[in-house]
file input06.cif (mmCIF, C-alpha atoms (C1' of nucleotides) and all ligand atoms)
data_upload
#
loop_
_atom_site.label_atom_id
_atom_site.label_comp_id
_atom_site.auth_asym_id
_atom_site.auth_seq_id
_atom_site.Cartn_x
_atom_site.Cartn_y
_atom_site.Cartn_z
CA MET G 1 151.40 13.22 -1.37
CA LYS G 2 151.82 12.16 -4.99
CA LYS G 3 153.23 14.61 -7.47
CA PRO G 4 150.66 15.54 -10.08
CA CYS G 5 151.30 13.87 -13.38
CA HIS G 6 151.02 15.84 -16.62
CA CYS G 7 151.58 13.19 -19.22
CA ALA G 8 149.19 13.13 -22.14
CA GLN G 9 147.24 10.22 -20.83
CA HIS G 10 146.59 11.57 -17.36
CA SER G 11 145.91 15.13 -18.29
CA HIS G 12 143.34 13.73 -20.64
CA GLN G 13 141.69 11.92 -17.76
CA LYS G 14 141.71 14.95 -15.47
CA GLN G 15 140.21 16.97 -18.22
CA GLU G 16 137.49 14.45 -18.58
CA LEU G 17 136.47 14.38 -14.94
CA ALA G 18 136.23 18.14 -14.87
CA SER G 19 134.21 18.20 -18.06
CA LEU G 20 131.92 15.57 -16.62
CA THR G 21 131.11 17.53 -13.51
CA THR G 22 130.71 20.63 -15.63
CA ARG G 23 128.19 18.86 -17.78
CA LEU G 24 126.20 17.98 -14.69
CA ARG G 25 126.23 21.44 -13.16
CA ARG G 26 125.22 22.91 -16.46
CA GLU G 27 121.92 21.10 -15.98
CA ASP G 28 121.41 22.16 -12.39
CA ARG G 29 122.58 18.84 -11.14
CA LYS G 30 124.64 18.30 -8.04
CA ILE G 31 128.02 16.68 -7.89
CA THR G 32 127.55 14.17 -5.12
CA GLY G 33 129.80 11.51 -3.69
CA PRO G 34 127.96 8.66 -5.39
CA ARG G 35 127.93 10.40 -8.75
CA ALA G 36 131.59 11.29 -8.66
CA ALA G 37 132.42 7.72 -7.70
CA ILE G 38 130.28 6.28 -10.47
CA LEU G 39 131.77 8.57 -13.09
CA GLU G 40 135.24 7.70 -11.86
CA ILE G 41 134.57 4.00 -12.26
CA LEU G 42 133.10 4.45 -15.72
CA ARG G 43 136.17 6.45 -16.71
CA GLN G 44 138.41 3.59 -15.72
CA HIS G 45 136.71 1.12 -18.02
CA SER G 46 136.68 0.90 -21.76
CA HIS G 47 133.85 -1.61 -21.93
CA PRO G 48 130.26 -1.15 -20.84
CA LEU G 49 129.45 -1.99 -17.22
CA THR G 50 126.26 -3.32 -15.67
CA THR G 51 124.70 -1.51 -12.74
CA LYS G 52 125.83 -4.15 -10.33
CA GLU G 53 129.33 -4.27 -11.76
CA ILE G 54 129.56 -0.58 -10.97
CA PHE G 55 128.09 -1.28 -7.56
CA ALA G 56 130.68 -3.98 -6.91
CA GLU G 57 133.57 -1.67 -7.78
CA LEU G 58 132.30 1.03 -5.48
CA PRO G 59 133.85 1.08 -2.01
CA LYS G 60 131.29 -0.81 0.07
CA GLY G 61 128.73 1.48 1.61
CA GLU G 62 129.55 4.27 -0.82
CA CYS G 63 126.00 4.26 -2.10
CA ASP G 64 122.85 2.27 -2.57
CA LEU G 65 122.19 0.18 -5.69
CA VAL G 66 119.09 2.26 -6.30
CA THR G 67 121.19 5.37 -6.43
CA ILE G 68 123.21 3.85 -9.25
CA TYR G 69 120.06 3.02 -11.17
CA ARG G 70 118.93 6.60 -10.74
CA ALA G 71 122.33 7.97 -11.67
CA MET G 72 122.44 5.93 -14.85
CA GLN G 73 119.01 7.15 -15.84
CA LEU G 74 120.08 10.72 -15.35
CA LEU G 75 123.41 10.33 -17.10
CA GLU G 76 121.71 8.65 -20.02
CA LYS G 77 119.15 11.44 -20.28
CA LEU G 78 121.93 14.00 -20.30
CA GLY G 79 123.73 12.01 -22.98
CA MET G 80 126.73 11.36 -20.76
CA VAL G 81 126.47 7.59 -20.93
CA LYS G 82 125.20 5.23 -23.60
CA ARG G 83 123.07 2.22 -22.71
CA PHE G 84 123.83 -1.13 -24.32
CA ASP G 85 121.90 -4.36 -24.33
CA PHE G 86 123.77 -7.64 -24.68
CA GLY G 87 120.56 -9.59 -24.39
CA ASP G 88 121.25 -11.07 -20.97
CA GLY G 89 118.71 -9.01 -19.10
CA ALA G 90 121.09 -6.48 -17.57
CA ALA G 91 121.66 -3.04 -19.06
CA ARG G 92 125.25 -1.93 -19.57
CA PHE G 93 126.62 1.61 -19.65
CA GLU G 94 129.61 3.27 -21.17
CA LEU G 95 130.79 6.85 -20.83
CA VAL G 96 130.24 9.03 -23.90
CA GLU G 97 132.52 11.84 -25.03
CA GLU G 98 130.98 15.28 -25.05
CA GLY G 99 129.37 16.00 -28.40
CA ASP G 100 129.40 12.35 -29.40
CA ASP G 101 126.32 10.13 -29.37
CA GLY G 102 128.29 7.05 -28.39
CA HIS G 103 126.89 4.89 -31.18
CA HIS G 104 129.05 1.82 -31.66
CA HIS G 105 129.04 -1.96 -31.35
CA HIS G 106 130.62 -4.89 -29.54
CA LEU G 107 131.77 -8.43 -30.08
CA ILE G 108 130.90 -10.56 -27.07
CA CYS G 109 132.16 -14.04 -26.23
CA THR G 110 129.19 -16.31 -25.65
CA GLN G 111 131.20 -18.43 -23.23
CA CYS G 112 133.12 -16.02 -21.02
CA ALA G 113 131.46 -12.71 -21.90
CA GLN G 114 134.75 -11.09 -22.89
CA VAL G 115 133.99 -7.90 -24.82
CA VAL G 116 135.74 -6.31 -27.79
CA GLU G 117 134.93 -2.79 -28.92
CA ILE G 118 134.05 -2.73 -32.62
CA GLU G 119 134.75 0.10 -35.04
CA GLU G 120 132.61 -1.14 -37.87
CA CYS G 121 129.03 -0.06 -38.22
CA PHE G 122 126.12 -1.15 -40.36
CA PRO G 123 126.67 0.33 -43.85
CA PRO G 124 124.85 3.69 -43.99
CA GLU G 125 123.85 3.27 -47.61
CA ILE G 126 122.08 0.02 -46.89
CA GLU G 127 120.39 1.52 -43.87
CA ARG G 128 119.27 4.46 -45.97
CA ARG G 129 117.77 2.08 -48.50
CA ILE G 130 115.93 0.17 -45.80
CA ALA G 131 114.51 3.39 -44.39
CA GLN G 132 113.49 4.67 -47.78
CA GLN G 133 111.91 1.46 -49.02
CA ASN G 134 109.65 1.41 -46.00
CA GLY G 135 109.01 5.10 -45.65
CA TYR G 136 110.64 5.28 -42.24
CA ARG G 137 112.50 8.35 -40.99
CA ALA G 138 115.25 8.86 -38.45
CA VAL G 139 116.31 5.25 -38.75
CA THR G 140 119.12 3.90 -36.63
CA HIS G 141 120.09 0.46 -35.38
CA ARG G 142 121.16 -1.66 -32.48
CA LEU G 143 123.82 -4.22 -33.37
CA GLU G 144 126.01 -6.56 -31.37
CA PHE G 145 128.18 -9.47 -32.47
CA PHE G 146 128.53 -12.76 -30.64
CA GLY G 147 131.10 -15.51 -30.98
CA VAL G 148 133.72 -17.55 -29.19
CA CYS G 149 136.86 -15.71 -28.10
CA PRO G 150 140.40 -17.07 -28.61
CA ASP G 151 140.74 -18.15 -24.97
CA CYS G 152 137.51 -20.11 -24.97
CA GLN G 153 138.41 -21.77 -28.27
CA ARG G 154 141.55 -23.11 -26.66
CA LEU G 155 139.69 -24.53 -23.66
CA LYS G 156 137.43 -26.51 -25.95
CA MET Y 157 80.98 -30.13 -40.11
CA LYS Y 158 82.96 -27.97 -42.53
CA LYS Y 159 84.15 -29.40 -45.79
CA PRO Y 160 87.92 -29.64 -45.96
CA CYS Y 161 89.47 -26.96 -48.16
CA HIS Y 162 92.26 -27.84 -50.56
CA CYS Y 163 93.21 -24.49 -52.00
CA ALA Y 164 96.92 -23.70 -52.18
CA GLN Y 165 96.83 -21.42 -49.20
CA HIS Y 166 95.09 -23.78 -46.84
CA SER Y 167 96.87 -26.91 -47.86
CA HIS Y 168 100.06 -25.01 -47.25
CA GLN Y 169 98.89 -24.19 -43.75
CA LYS Y 170 97.77 -27.74 -43.08
CA GLN Y 171 101.09 -28.96 -44.27
CA GLU Y 172 102.79 -26.64 -41.92
CA LEU Y 173 100.72 -27.56 -38.92
CA ALA Y 174 101.32 -31.23 -39.62
CA SER Y 175 105.04 -30.67 -39.98
CA LEU Y 176 105.05 -28.75 -36.74
CA THR Y 177 103.39 -31.52 -34.77
CA THR Y 178 105.69 -34.01 -36.45
CA ARG Y 179 108.69 -32.06 -35.31
CA LEU Y 180 107.41 -32.21 -31.76
CA ARG Y 181 106.66 -35.91 -31.74
CA ARG Y 182 110.03 -36.63 -33.24
CA GLU Y 183 111.48 -35.40 -29.95
CA ASP Y 184 109.14 -37.39 -27.75
CA ARG Y 185 107.01 -34.36 -27.12
CA LYS Y 186 103.28 -34.37 -26.79
CA ILE Y 187 100.85 -32.47 -28.93
CA THR Y 188 98.66 -30.81 -26.37
CA GLY Y 189 95.81 -28.35 -26.63
CA PRO Y 190 97.91 -25.41 -25.49
CA ARG Y 191 100.77 -26.23 -27.83
CA ALA Y 192 98.54 -26.68 -30.84
CA ALA Y 193 96.82 -23.39 -30.06
CA ILE Y 194 100.11 -21.56 -29.64
CA LEU Y 195 101.52 -22.92 -32.88
CA GLU Y 196 98.31 -22.00 -34.64
CA ILE Y 197 98.56 -18.41 -33.45
CA LEU Y 198 102.20 -18.16 -34.42
CA ARG Y 199 101.32 -19.48 -37.86
CA GLN Y 200 98.80 -16.70 -38.33
CA HIS Y 201 101.32 -13.94 -37.74
CA SER Y 202 104.21 -12.76 -39.84
CA HIS Y 203 105.77 -10.65 -37.11
CA PRO Y 204 107.20 -11.79 -33.80
CA LEU Y 205 104.79 -11.99 -30.86
CA THR Y 206 105.39 -11.50 -27.17
CA THR Y 207 104.30 -14.13 -24.71
CA LYS Y 208 101.38 -12.08 -23.56
CA GLU Y 209 100.33 -11.20 -27.07
CA ILE Y 210 100.06 -14.91 -27.69
CA PHE Y 211 98.23 -15.28 -24.40
CA ALA Y 212 95.78 -12.54 -25.38
CA GLU Y 213 94.96 -14.21 -28.69
CA LEU Y 214 94.31 -17.54 -27.04
CA PRO Y 215 90.66 -18.29 -26.24
CA LYS Y 216 90.41 -17.30 -22.59
CA GLY Y 217 91.07 -20.20 -20.27
CA GLU Y 218 92.80 -22.17 -23.01
CA CYS Y 219 95.97 -22.23 -20.99
CA ASP Y 220 98.04 -20.56 -18.33
CA LEU Y 221 100.59 -17.85 -19.10
CA VAL Y 222 103.28 -20.04 -17.55
CA THR Y 223 102.47 -22.76 -20.03
CA ILE Y 224 103.21 -20.36 -22.86
CA TYR Y 225 106.55 -19.44 -21.32
CA ARG Y 226 107.38 -23.10 -21.06
CA ALA Y 227 106.19 -23.80 -24.59
CA MET Y 228 108.31 -21.01 -26.01
CA GLN Y 229 111.36 -22.34 -24.22
CA LEU Y 230 110.77 -25.78 -25.63
CA LEU Y 231 110.02 -24.57 -29.14
CA GLU Y 232 113.13 -22.42 -29.10
CA LYS Y 233 115.26 -25.33 -27.95
CA LEU Y 234 113.87 -27.47 -30.75
CA GLY Y 235 114.59 -24.68 -33.22
CA MET Y 236 110.93 -24.26 -34.10
CA VAL Y 237 110.74 -20.62 -33.06
CA LYS Y 238 113.29 -17.83 -33.06
CA ARG Y 239 113.55 -15.41 -30.14
CA PHE Y 240 113.89 -11.69 -30.85
CA ASP Y 241 114.69 -8.81 -28.53
CA PHE Y 242 113.38 -5.36 -29.37
CA GLY Y 243 114.89 -3.94 -26.22
CA ASP Y 244 111.61 -3.29 -24.44
CA GLY Y 245 111.96 -6.04 -21.89
CA ALA Y 246 109.65 -8.58 -23.49
CA ALA Y 247 110.90 -11.44 -25.63
CA ARG Y 248 109.23 -11.95 -29.00
CA PHE Y 249 108.89 -15.18 -30.97
CA GLU Y 250 108.42 -16.05 -34.59
CA LEU Y 251 107.90 -19.43 -36.19
CA VAL Y 252 110.88 -20.82 -38.07
CA GLU Y 253 110.68 -22.99 -41.18
CA GLU Y 254 112.10 -26.45 -40.84
CA GLY Y 255 115.77 -26.49 -41.73
CA ASP Y 256 116.07 -22.72 -41.43
CA ASP Y 257 117.68 -20.94 -38.49
CA GLY Y 258 115.32 -18.01 -38.69
CA HIS Y 259 118.07 -15.39 -38.70
CA HIS Y 260 116.73 -12.04 -39.90
CA HIS Y 261 116.01 -8.50 -38.76
CA HIS Y 262 113.25 -5.96 -38.20
CA LEU Y 263 112.54 -2.27 -38.51
CA ILE Y 264 110.48 -1.08 -35.57
CA CYS Y 265 108.61 2.20 -35.19
CA THR Y 266 109.73 3.87 -31.98
CA GLN Y 267 106.36 5.55 -31.59
CA CYS Y 268 103.74 2.92 -32.42
CA ALA Y 269 105.86 -0.24 -32.47
CA GLN Y 270 104.80 -1.17 -36.00
CA VAL Y 271 107.15 -3.84 -37.32
CA VAL Y 272 108.57 -4.40 -40.79
CA GLU Y 273 110.38 -7.61 -41.70
CA ILE Y 274 113.79 -6.84 -43.19
CA GLU Y 275 115.57 -8.86 -45.84
CA GLU Y 276 118.94 -7.20 -45.52
CA CYS Y 277 121.57 -8.60 -43.22
CA PHE Y 278 124.91 -7.36 -41.94
CA PRO Y 279 127.45 -7.84 -44.77
CA PRO Y 280 129.10 -11.26 -44.28
CA GLU Y 281 132.48 -10.07 -45.52
CA ILE Y 282 132.61 -7.35 -42.91
CA GLU Y 283 131.51 -9.74 -40.22
CA ARG Y 284 134.19 -12.18 -41.31
CA ARG Y 285 136.78 -9.45 -41.03
CA ILE Y 286 135.61 -8.52 -37.54
CA ALA Y 287 135.79 -12.14 -36.43
CA GLN Y 288 139.21 -12.65 -37.93
CA GLN Y 289 140.76 -9.45 -36.63
CA ASN Y 290 139.80 -10.44 -33.11
CA GLY Y 291 140.39 -14.15 -33.34
CA TYR Y 292 136.75 -14.97 -32.65
CA ARG Y 293 135.01 -18.01 -34.13
CA ALA Y 294 131.39 -18.79 -34.92
CA VAL Y 295 130.52 -15.13 -35.02
CA THR Y 296 126.97 -14.01 -35.62
CA HIS Y 297 124.97 -10.92 -34.78
CA ARG Y 298 121.81 -9.47 -33.38
CA LEU Y 299 120.54 -6.47 -35.33
CA GLU Y 300 117.35 -4.44 -35.27
CA PHE Y 301 116.49 -1.11 -36.87
CA PHE Y 302 114.45 1.63 -35.24
CA GLY Y 303 112.78 4.67 -36.76
CA VAL Y 304 109.51 6.53 -37.24
CA CYS Y 305 106.95 4.86 -39.49
CA PRO Y 306 104.98 6.72 -42.18
CA ASP Y 307 101.82 6.88 -40.07
CA CYS Y 308 103.58 8.36 -37.09
CA GLN Y 309 105.38 10.91 -39.28
CA ARG Y 310 102.01 12.18 -40.44
CA LEU Y 311 100.67 12.57 -36.91
CA LYS Y 312 103.60 14.78 -35.98
"C1'" DT O 313 124.97 30.96 7.18
"C1'" DT O 314 120.58 30.07 5.20
"C1'" DG O 315 116.96 28.42 1.99
"C1'" DT O 316 115.61 25.25 -1.19
"C1'" DA O 317 115.55 22.11 -4.80
"C1'" DA O 318 118.05 18.06 -5.77
"C1'" DT O 319 119.55 13.71 -3.98
"C1'" DT O 320 119.70 9.63 -1.26
"C1'" DG O 321 118.51 5.37 1.43
"C1'" DC O 322 115.30 2.00 2.52
"C1'" DA O 323 111.27 -0.50 1.84
"C1'" DA O 324 107.95 -1.81 -1.15
"C1'" DA O 325 106.08 -2.22 -5.85
"C1'" DT O 326 106.61 -3.75 -10.76
"C1'" DG O 327 106.99 -6.65 -14.65
"C1'" DA O 328 108.95 -10.38 -17.04
"C1'" DT O 329 110.30 -14.89 -16.49
"C1'" DT O 330 111.29 -19.11 -13.78
"C1'" DT O 331 110.59 -22.86 -10.48
"C1'" DG O 332 108.36 -26.41 -7.20
"C1'" DC O 333 105.01 -29.59 -6.91
"C1'" DA O 334 101.05 -32.23 -7.06
"C1'" DA O 335 97.37 -33.34 -10.35
"C1'" DT O 336 96.39 -34.36 -15.25
"C1'" DT O 337 96.97 -36.39 -19.73
"C1'" DA O 338 99.02 -37.87 -24.41
"C1'" DA O 339 100.89 -41.62 -26.35
"C1'" DT O 340 102.50 -46.30 -25.78
"C1'" DT O 341 102.04 -50.85 -24.53
"C1'" DA O 342 99.77 -54.98 -23.18
"C1'" DT C 343 90.28 -50.96 -25.09
"C1'" DA C 344 92.52 -50.61 -20.60
"C1'" DA C 345 96.77 -50.07 -18.04
"C1'" DT C 346 101.36 -47.62 -17.72
"C1'" DT C 347 104.30 -43.82 -17.57
"C1'" DA C 348 106.87 -39.92 -18.81
"C1'" DA C 349 105.55 -35.45 -20.32
"C1'" DT C 350 102.67 -31.55 -19.38
"C1'" DT C 351 99.93 -28.30 -16.92
"C1'" DG C 352 98.02 -25.03 -13.40
"C1'" DC C 353 98.73 -22.44 -9.47
"C1'" DA C 354 101.41 -20.33 -6.06
"C1'" DA C 355 105.62 -18.69 -4.89
"C1'" DA C 356 110.32 -17.35 -6.08
"C1'" DT C 357 113.72 -14.66 -8.94
"C1'" DC C 358 115.82 -10.74 -11.13
"C1'" DA C 359 116.33 -6.34 -12.93
"C1'" DT C 360 114.48 -2.06 -12.43
"C1'" DT C 361 111.29 1.50 -10.59
"C1'" DT C 362 108.74 4.19 -7.20
"C1'" DG C 363 107.18 6.48 -2.68
"C1'" DC C 364 108.62 9.06 0.90
"C1'" DA C 365 110.87 11.13 4.57
"C1'" DA C 366 115.58 12.53 5.82
"C1'" DT C 367 119.82 14.59 3.99
"C1'" DT C 368 122.76 17.63 1.36
"C1'" DA C 369 124.93 20.50 -2.41
"C1'" DC C 370 125.36 24.96 -3.59
"C1'" DA C 371 123.67 29.53 -4.83
"C1'" DA C 372 122.43 33.74 -2.58
MN MN G 401 131.75 0.01 -26.11
MN MN G 402 110.51 -11.41 -38.31
ZN ZN G 403 126.15 1.07 -35.95
ZN ZN G 404 121.76 -10.59 -39.95
#
call {"tool": "encode", "arguments": {"input": "input06.cif", "output": "structure tokens", "more": "lines below"}}
Ligand SMILES: [Mn+2]
Ligand SMILES: [Mn+2]
Ligand SMILES: [Zn+2]
Ligand SMILES: [Zn+2]
result
Amino acid sequence: MKKPCHCAQHSHQKQELASLTTRLRREDRKITGPRAAILEILRQHSHPLTTKEIFAELPKGECDLVTIYRAMQLLEKLGMVKRFDFGDGAARFELVEEGDDGHHHHLICTQCAQVVEIEECFPPEIERRIAQQNGYRAVTHRLEFFGVCPDCQRLK
Amino acid sequence: MKKPCHCAQHSHQKQELASLTTRLRREDRKITGPRAAILEILRQHSHPLTTKEIFAELPKGECDLVTIYRAMQLLEKLGMVKRFDFGDGAARFELVEEGDDGHHHHLICTQCAQVVEIEECFPPEIERRIAQQNGYRAVTHRLEFFGVCPDCQRLK
DNA sequence: TTGTAATTGCAAATGATTTGCAATTAATTA
DNA sequence: TAATTAATTGCAAATCATTTGCAATTACAA
């Protein structure tokens, strides 16, 4: 049996798993094998995953693809994951910290699909102006960047 | 037979239609009934249209839905239309002026889907910084705004 | 342990888009 | 103007991601 590790990094992760299951139970949801496994996989990745990428990482037979689709719908509704759209027809999901809305953007390589998490956001003042000029309320945006990553430039 | 009209507006449209067919022929493409009809519909709209919106506007029996899908693929490849993704599963297309790449954005009402064409773009200097910091080249972006339009605010 | 609502698997349905293929046609060419 | 041919089209069927119906299973509160 492994000794439990209490370093900052791992205690953070443990914390997270507990808080995730708590969030589910708070909504009268059950912690099931498939859900725990899905959350675990999402926790191990810093970039958004497609439904079938999650499926592929799951020990074979752990659960049906449909179950993942249903889980992602639920988790999104509960605000536990954020859905992203890279424009290739498959939705991607990323875990969201409690209390956060998960809004952020990515830079995706058009050749190998490598993903970089982006800190920058569309300037709020410009967005406010756009909303105001058109009389729209509660305006937000979807934004993703595309380009050629360093590796793919080399292979040119 | 109707007399030809030479007012600014119509001559502009004629010009455009001619230039559109020219662009096609330049690539050894044929000007067919369906294509002319599709281009004509696109010319009459200032917002992007889905394939089935185009289909619906076409005189019934004018052409098959598949033909529109194929036409949009061709027109996109030739740079005559720009494809947009509002995240609802259906691609939208807008005519692009010759020599232009059609890059721009929209503000979409999340309740009634009303669309506003947006002039603003993501600040180039910030995009340049994002590209540089990550070693990416040829970086561009996809960006759409979402909010509640004036009409839908009233109906609240 | 029991009761019950939540969850799951499996098959089938959807909806958008693509593909195969034989018949049709626009645009040359003779 | 008629013959020639590559491009185009219609129709059916195939794909792909995602959703839905339903009966069997299960988490978990009492
Ligand atoms: Mn991310
Ligand atoms: Mn537009
Ligand atoms: Zn943003
Ligand atoms: Zn832009």
call {"tool": "residues_near_ligand", "arguments": {"input": "input06.cif", "ligand": "ligand ZN 403 (chain G)", "cutoff": "6 Å", "atoms": "all atoms listed in the file", "output": "ChimeraX atom specification"}}
result
/G:104,121-122
call {"tool": "interface_residues", "arguments": {"input": "input06.cif", "of": "chain G", "to": "chain Y", "cutoff": "6 Å", "atoms": "all atoms listed in the file", "output": "list in words"}}
result
Gly135, Tyr136, Arg137, Ala138, Val139, Thr140, His141, Arg142, Leu143, Glu144, Phe145, Phe146, Gly147, Val148, Cys149 and Pro150 of chain G
call {"tool": "residues_near_ligand", "arguments": {"input": "input06.cif", "ligand": "ligand MN 401 (chain G)", "cutoff": "9 Å", "atoms": "only C-alpha atoms (C1' of nucleotides) and all ligand atoms", "output": "compact mmCIF listing (two decimals) with C-alpha atoms, in the coordinates of the input"}}
result
# COMPACT_ATOMS: atom_id res chain seq x y z
CA SER G 46 136.68 0.90 -21.76
CA HIS G 47 133.85 -1.61 -21.93
CA PRO G 48 130.26 -1.15 -20.84
CA LYS G 82 125.20 5.23 -23.60
CA PHE G 84 123.83 -1.13 -24.32
CA PHE G 93 126.62 1.61 -19.65
CA GLU G 94 129.61 3.27 -21.17
CA LEU G 95 130.79 6.85 -20.83
CA GLY G 102 128.29 7.05 -28.39
CA HIS G 103 126.89 4.89 -31.18
CA HIS G 104 129.05 1.82 -31.66
CA HIS G 105 129.04 -1.96 -31.35
CA HIS G 106 130.62 -4.89 -29.54
CA VAL G 115 133.99 -7.90 -24.82
CA VAL G 116 135.74 -6.31 -27.79
CA GLU G 117 134.93 -2.79 -28.92
CA ILE G 118 134.05 -2.73 -32.62
call {"tool": "residues_around", "arguments": {"input": "input06.cif", "residues": "stretch 326-336 of chain O", "least_positions_apart": "5", "cutoff": "12 Å", "atoms": "all atoms listed in the file", "output": "number ranges by chain"}}
result
G: 89; Y: 188, 206-208, 221-226, 228-229, 244-247; C: 349-362
call {"tool": "interface_residues", "arguments": {"input": "input06.cif", "of": "chain O", "to": "chain G", "cutoff": "10 Å", "atoms": "only C-alpha atoms (C1' of nucleotides)", "output": "JSON, numbers by chain"}}
result
{"O": [317, 318, 319, 320, 321, 322]}
call {"tool": "calpha_fit_rmsd", "arguments": {"input": "input06.cif", "fixed": "chain G", "moving": "chain Y"}}
result
0.5 Å
call {"tool": "atom_distance", "arguments": {"input": "input06.cif", "atom1": "atom C1' of C:DT368", "atom2": "atom CA of G:Thr21"}}
result
17.1 Å
call {"tool": "closest_residue", "arguments": {"input": "input06.cif", "among": "Y:Gly189, Y:Arg239, Y:Ile197, Y:Leu234", "to": "chain C", "atoms": "only C-alpha atoms (C1' of nucleotides)"}}
result
Y:Gly189
call {"tool": "build_atoms", "arguments": {"input": "input06.cif", "residues": "stretch 277-290 of chain Y", "atoms": "N, CA, C and O atoms", "output": "compact mmCIF listing (two decimals), in the coordinates of the input"}}
result
# COMPACT_ATOMS: atom_id res chain seq x y z
N CYS Y 277 120.84 -8.04 -44.35
CA CYS Y 277 121.57 -8.60 -43.22
C CYS Y 277 122.89 -7.86 -43.14
O CYS Y 277 123.28 -7.15 -44.08
N PHE Y 278 123.60 -8.01 -42.05
CA PHE Y 278 124.91 -7.36 -41.94
C PHE Y 278 125.83 -8.05 -42.94
O PHE Y 278 125.89 -9.28 -43.00
N PRO Y 279 126.57 -7.28 -43.74
CA PRO Y 279 127.45 -7.84 -44.77
C PRO Y 279 128.41 -8.90 -44.23
O PRO Y 279 129.24 -8.61 -43.37
N PRO Y 280 128.28 -10.12 -44.73
CA PRO Y 280 129.10 -11.26 -44.28
C PRO Y 280 130.60 -10.99 -44.35
O PRO Y 280 131.34 -11.42 -43.48
N GLU Y 281 131.03 -10.29 -45.38
CA GLU Y 281 132.48 -10.07 -45.52
C GLU Y 281 133.00 -9.17 -44.40
O GLU Y 281 134.11 -9.37 -43.90
N ILE Y 282 132.17 -8.23 -44.00
CA ILE Y 282 132.61 -7.35 -42.91
C ILE Y 282 132.61 -8.13 -41.60
O ILE Y 282 133.53 -8.02 -40.79
N GLU Y 283 131.59 -8.94 -41.43
CA GLU Y 283 131.51 -9.74 -40.22
C GLU Y 283 132.70 -10.69 -40.14
O GLU Y 283 133.30 -10.88 -39.08
N ARG Y 284 133.05 -11.26 -41.27
CA ARG Y 284 134.19 -12.18 -41.31
C ARG Y 284 135.46 -11.46 -40.88
O ARG Y 284 136.28 -11.98 -40.13
N ARG Y 285 135.60 -10.23 -41.37
CA ARG Y 285 136.78 -9.45 -41.03
C ARG Y 285 136.82 -9.16 -39.53
O ARG Y 285 137.86 -9.28 -38.88
N ILE Y 286 135.68 -8.81 -38.98
CA ILE Y 286 135.61 -8.52 -37.54
C ILE Y 286 136.00 -9.75 -36.73
O ILE Y 286 136.77 -9.67 -35.77
N ALA Y 287 135.49 -10.90 -37.14
CA ALA Y 287 135.79 -12.14 -36.43
C ALA Y 287 137.29 -12.42 -36.50
O ALA Y 287 137.96 -12.66 -35.49
N GLN Y 288 137.81 -12.33 -37.70
CA GLN Y 288 139.21 -12.65 -37.93
C GLN Y 288 140.16 -11.72 -37.19
O GLN Y 288 141.10 -12.16 -36.52
N GLN Y 289 139.89 -10.44 -37.28
CA GLN Y 289 140.76 -9.45 -36.63
C GLN Y 289 140.85 -9.68 -35.13
O GLN Y 289 141.83 -9.30 -34.48
N ASN Y 290 139.81 -10.26 -34.56
CA ASN Y 290 139.80 -10.44 -33.11
C ASN Y 290 139.97 -11.89 -32.67
O ASN Y 290 139.87 -12.20 -31.49
